[in-house]
Amino acid sequence: MSETGGLVFISHSHQDIDIVRRIRNRFELHGFEPLVFYLKCLSDEDEIEELIKREIAEREWFVFVDSEHSRRSAWVRTECEYICGFSDKKLFTLKADDDVEKQVDSIARRLQVYISFTVSDLQLAKTVKQYLTAHDYRAVIAVEELSCGVDFATTMQRSLKAAAESGFMLLLVTEAAPQSALMHREIAMIKRYGGEVIPVYVGDGALNKKQLKALGEHSPLHVDSLDEAAMAMLLSEIERRIGCHRSNDFDMSVFG
């Protein structure tokens, strides 16, 4: 597991290596850590297979670079079959003959999370960040960028603009932090930039009228606390909203 999240396994044919380098570079530009094997440089097939299986087992996000070469590759087929043997792995298909940078941007935007919260809920935000990072999301806490002398409003605007352009915002709401005015400004700002908001209400009570008004049309996921079951529910809700697909939904028929 990476301390910052964002680990991505790229399944590809070595004959597409120039395209794959562009894909790798684009992911790195977004702060992700893509793993690319250039199998033509390796010789021991048993060692290669064990190495690949270990790396696949450690990751949750996979990108299948779809091309004529990869569809004919026995190695790529083996990788995808192994990935599909896990019910919790997620596999994106990236078309090698389309705009690969644009496709990487779209994938990265779904996997980068900006966590918004009030200062009193900092520990809660850190707990959520740790959980998402463990599942290879790129999770960012905006206030970690703050330092003495830095204007909060400017930092918030910069973070929300980044969230809209390269990820989505996870908005944490609790009874202890009913600052609906700030919440309303954040939602309005990220909507202005065309971003996605996923609100999560943590608490055993109900949201008050001001909070509900601030959320507007955004229906929050409600959990009593952030225990393991609630975290799993949160992860499932994020996956549903960002439209990712589990590996067992992948169509292996592309290999003929």
# chains A, B, ... in the order shown; residues from 1 in each chain; ligands from 1
>>> residues_around(residues="stretch 116-119 of chain A", least_positions_apart="2", cutoff="6 Å", atoms="only C-alpha atoms", output="VMD selection string")
chain A and resid 121 to 122 171 to 172
>>> atom_distance(atom1="atom CA of A:Leu160", atom2="atom CA of A:Met183")
12.0 Å
>>> closest_residue(among="A:Ser225, A:Ser219, A:Thr154, A:Ser166", to="A:Thr127", atoms="only C-alpha atoms")
A:Ser225
>>> select_by_dssp(residues="stretch 26-233 of chain A", states="helix (DSSP H, G or I)", output="JSON, numbers by chain")
{"A": [26, 27, 28, 29, 39, 40, 41, 45, 46, 47, 48, 49, 50, 51, 52, 53, 54, 55, 56, 57, 68, 69, 70, 71, 74, 75, 76, 77, 78, 79, 80, 81, 82, 83, 84, 100, 101, 102, 103, 104, 105, 106, 107, 108, 109, 110, 111, 119, 120, 121, 122, 123, 124, 125, 126, 127, 128, 129, 130, 131, 132, 133, 134, 142, 143, 144, 145, 152, 153, 154, 155, 156, 157, 158, 159, 160, 161, 162, 163, 164, 165, 166, 180, 181, 182, 183, 184, 185, 186, 187, 188, 189, 190, 191, 192, 209, 210, 211, 212, 213, 214, 215, 228, 229, 230, 231, 232, 233]}
>>> residues_around(residues="A:Phe32", least_positions_apart="6", cutoff="12 Å", atoms="only C-alpha atoms", output="PyMOL selection string")
chain A and resi 2-10+23-26+61+104-105+107-109+111-112+133+136-139+166
>>> write_last_selection(atoms="C-alpha atoms", output="CSV table (one decimal), in the first residue's frame")
chain,number,residue,atom,x,y,z
A,2,SER,CA,1.2,3.5,-0.9
A,3,GLU,CA,1.0,6.2,1.8
A,4,THR,CA,-0.7,8.5,-0.7
A,5,GLY,CA,-2.8,5.9,-2.5
A,6,GLY,CA,-3.2,5.9,-6.2
A,7,LEU,CA,-1.6,2.5,-7.1
A,8,VAL,CA,-2.7,1.4,-10.6
A,9,PHE,CA,-1.7,-1.8,-12.5
A,10,ILE,CA,-1.5,-1.4,-16.3
A,23,ILE,CA,-0.5,6.4,-20.2
A,24,ARG,CA,2.0,6.0,-17.4
A,25,ASN,CA,3.2,9.5,-17.7
A,26,ARG,CA,-0.3,10.9,-17.6
A,61,TRP,CA,-7.3,-0.6,-9.7
A,104,VAL,CA,-6.5,8.6,-18.2
A,105,ASP,CA,-7.9,12.0,-17.1
A,107,ILE,CA,-10.2,7.6,-14.8
A,108,ALA,CA,-8.0,9.7,-12.5
A,109,ARG,CA,-10.9,12.1,-11.9
A,111,LEU,CA,-10.2,7.9,-8.2
A,112,GLN,CA,-9.1,11.2,-6.7
A,133,THR,CA,-5.8,5.4,0.6
A,136,ASP,CA,-5.8,2.9,-3.6
A,137,TYR,CA,-7.8,6.1,-3.9
A,138,ARG,CA,-5.8,9.3,-4.1
A,139,ALA,CA,-7.2,11.0,-1.0
A,166,SER,CA,-9.3,16.3,-11.3
>>> residues_around(residues="A:Phe92", least_positions_apart="5", cutoff="8 Å", atoms="only C-alpha atoms", output="PyMOL selection string")
chain A and resi 61-64+107+244-245
>>> residues_around(residues="A:Asp204", least_positions_apart="6", cutoff="12 Å", atoms="only C-alpha atoms", output="number ranges by chain")
A: 173-176, 222-226
>>> write_last_selection(atoms="N, CA and C atoms", output="compact mmCIF listing (two decimals), in the first residue's frame")
# COMPACT_ATOMS: atom_id res chain seq x y z
N VAL A 173 -20.19 15.56 7.03
CA VAL A 173 -21.10 16.38 7.85
C VAL A 173 -21.37 15.64 9.15
N THR A 174 -21.29 16.36 10.28
CA THR A 174 -21.59 15.76 11.58
C THR A 174 -22.44 16.73 12.40
N GLU A 175 -23.01 16.21 13.48
CA GLU A 175 -23.79 17.06 14.40
C GLU A 175 -22.89 18.08 15.08
N ALA A 176 -21.63 17.71 15.28
CA ALA A 176 -20.69 18.59 15.97
C ALA A 176 -20.23 19.76 15.10
N HIS A 222 -26.00 8.22 5.11
CA HIS A 222 -26.09 8.40 6.56
C HIS A 222 -25.55 7.17 7.27
N VAL A 223 -24.53 7.36 8.11
CA VAL A 223 -23.99 6.28 8.95
C VAL A 223 -23.89 6.79 10.38
N ASP A 224 -24.10 5.89 11.35
CA ASP A 224 -24.03 6.29 12.75
C ASP A 224 -22.61 6.57 13.20
N SER A 225 -21.67 5.78 12.68
CA SER A 225 -20.26 5.95 13.04
C SER A 225 -19.42 5.37 11.91
N LEU A 226 -18.12 5.60 11.97
CA LEU A 226 -17.25 5.09 10.90
C LEU A 226 -16.56 3.80 11.32
>>> closest_residue(among="A:Glu165, A:Glu55, A:Glu33, A:Asp227", to="A:Tyr82", atoms="only C-alpha atoms")
A:Glu55
>>> closest_residue(among="A:Arg59, A:Arg22, A:His69, A:Lys102", to="A:Ile83", atoms="only C-alpha atoms")
A:Arg59
>>> select_by_dssp(residues="stretch 40-114 of chain A", states="strand (DSSP E)", output="count of residues only")
15
>>> atom_distance(atom1="atom CA of A:Val128", atom2="atom CA of A:Leu35")
25.1 Å
>>> closest_residue(among="A:Ala57, A:Ile198, A:Leu132, A:Met252", to="A:Thr78", atoms="only C-alpha atoms")
A:Met252
>>> atom_distance(atom1="atom CA of A:Ala134", atom2="atom CA of A:Leu235")
11.3 Å
>>> residues_around(residues="A:Lys191", least_positions_apart="6", cutoff="10 Å", atoms="only C-alpha atoms", output="number ranges by chain")
A: 160-161, 164, 185, 197
>>> decode(residues="stretch 69-133 of chain A", atoms="C-alpha atoms", output="tab-separated table (two decimals), in the first residue's frame")
chain	number	residue	atom	x	y	z
A	69	HIS	CA	-1.74	-6.53	-29.82
A	70	SER	CA	-3.13	-6.99	-26.30
A	71	ARG	CA	-6.07	-9.06	-27.55
A	72	ARG	CA	-3.56	-11.49	-29.07
A	73	SER	CA	-1.26	-11.50	-26.05
A	74	ALA	CA	-1.27	-14.64	-23.91
A	75	TRP	CA	0.29	-12.67	-21.03
A	76	VAL	CA	-2.41	-9.98	-21.08
A	77	ARG	CA	-5.12	-12.62	-21.17
A	78	THR	CA	-3.51	-14.39	-18.20
A	79	GLU	CA	-3.36	-11.10	-16.26
A	80	CYS	CA	-7.01	-10.28	-16.94
A	81	GLU	CA	-8.14	-13.81	-16.05
A	82	TYR	CA	-6.26	-13.60	-12.77
A	83	ILE	CA	-7.69	-10.15	-12.00
A	84	CYS	CA	-11.21	-11.41	-12.73
A	85	GLY	CA	-10.69	-14.16	-10.19
A	86	PHE	CA	-11.00	-11.50	-7.46
A	87	SER	CA	-14.51	-10.22	-6.77
A	88	ASP	CA	-13.30	-6.87	-5.38
A	89	LYS	CA	-10.85	-5.76	-8.09
A	90	LYS	CA	-11.86	-2.97	-10.47
A	91	LEU	CA	-10.84	-2.96	-14.11
A	92	PHE	CA	-11.00	-0.01	-16.51
A	93	THR	CA	-10.67	-0.47	-20.26
A	94	LEU	CA	-8.59	2.12	-22.11
A	95	LYS	CA	-8.73	2.14	-25.92
A	96	ALA	CA	-5.20	2.38	-27.35
A	97	ASP	CA	-6.41	3.88	-30.64
A	98	ASP	CA	-8.31	6.75	-28.96
A	99	ASP	CA	-7.07	9.81	-27.04
A	100	VAL	CA	-5.25	8.00	-24.20
A	101	GLU	CA	-4.49	11.17	-22.22
A	102	LYS	CA	-8.16	12.10	-22.16
A	103	GLN	CA	-9.10	8.58	-21.04
A	104	VAL	CA	-6.52	8.65	-18.24
A	105	ASP	CA	-7.87	12.03	-17.12
A	106	SER	CA	-11.36	10.53	-16.89
A	107	ILE	CA	-10.16	7.55	-14.82
A	108	ALA	CA	-8.02	9.70	-12.51
A	109	ARG	CA	-10.93	12.06	-11.89
A	110	ARG	CA	-13.00	9.16	-10.53
A	111	LEU	CA	-10.23	7.95	-8.23
A	112	GLN	CA	-9.07	11.22	-6.68
A	113	VAL	CA	-10.97	12.29	-3.56
A	114	TYR	CA	-10.89	15.69	-1.89
A	115	ILE	CA	-12.19	15.38	1.68
A	116	SER	CA	-14.05	18.45	2.92
A	117	PHE	CA	-14.93	18.90	6.61
A	118	THR	CA	-14.92	21.36	9.47
A	119	VAL	CA	-11.83	21.67	11.68
A	120	SER	CA	-13.46	19.90	14.64
A	121	ASP	CA	-13.78	16.78	12.48
A	122	LEU	CA	-10.14	16.60	11.41
A	123	GLN	CA	-9.58	13.20	13.04
A	124	LEU	CA	-12.69	11.86	11.33
A	125	ALA	CA	-11.37	13.11	7.99
A	126	LYS	CA	-8.01	11.46	8.62
A	127	THR	CA	-9.75	8.16	9.36
A	128	VAL	CA	-11.64	8.36	6.07
A	129	LYS	CA	-8.48	9.33	4.20
A	130	GLN	CA	-6.56	6.38	5.65
A	131	TYR	CA	-9.32	3.97	4.63
A	132	LEU	CA	-9.62	5.32	1.09
A	133	THR	CA	-5.85	5.38	0.65
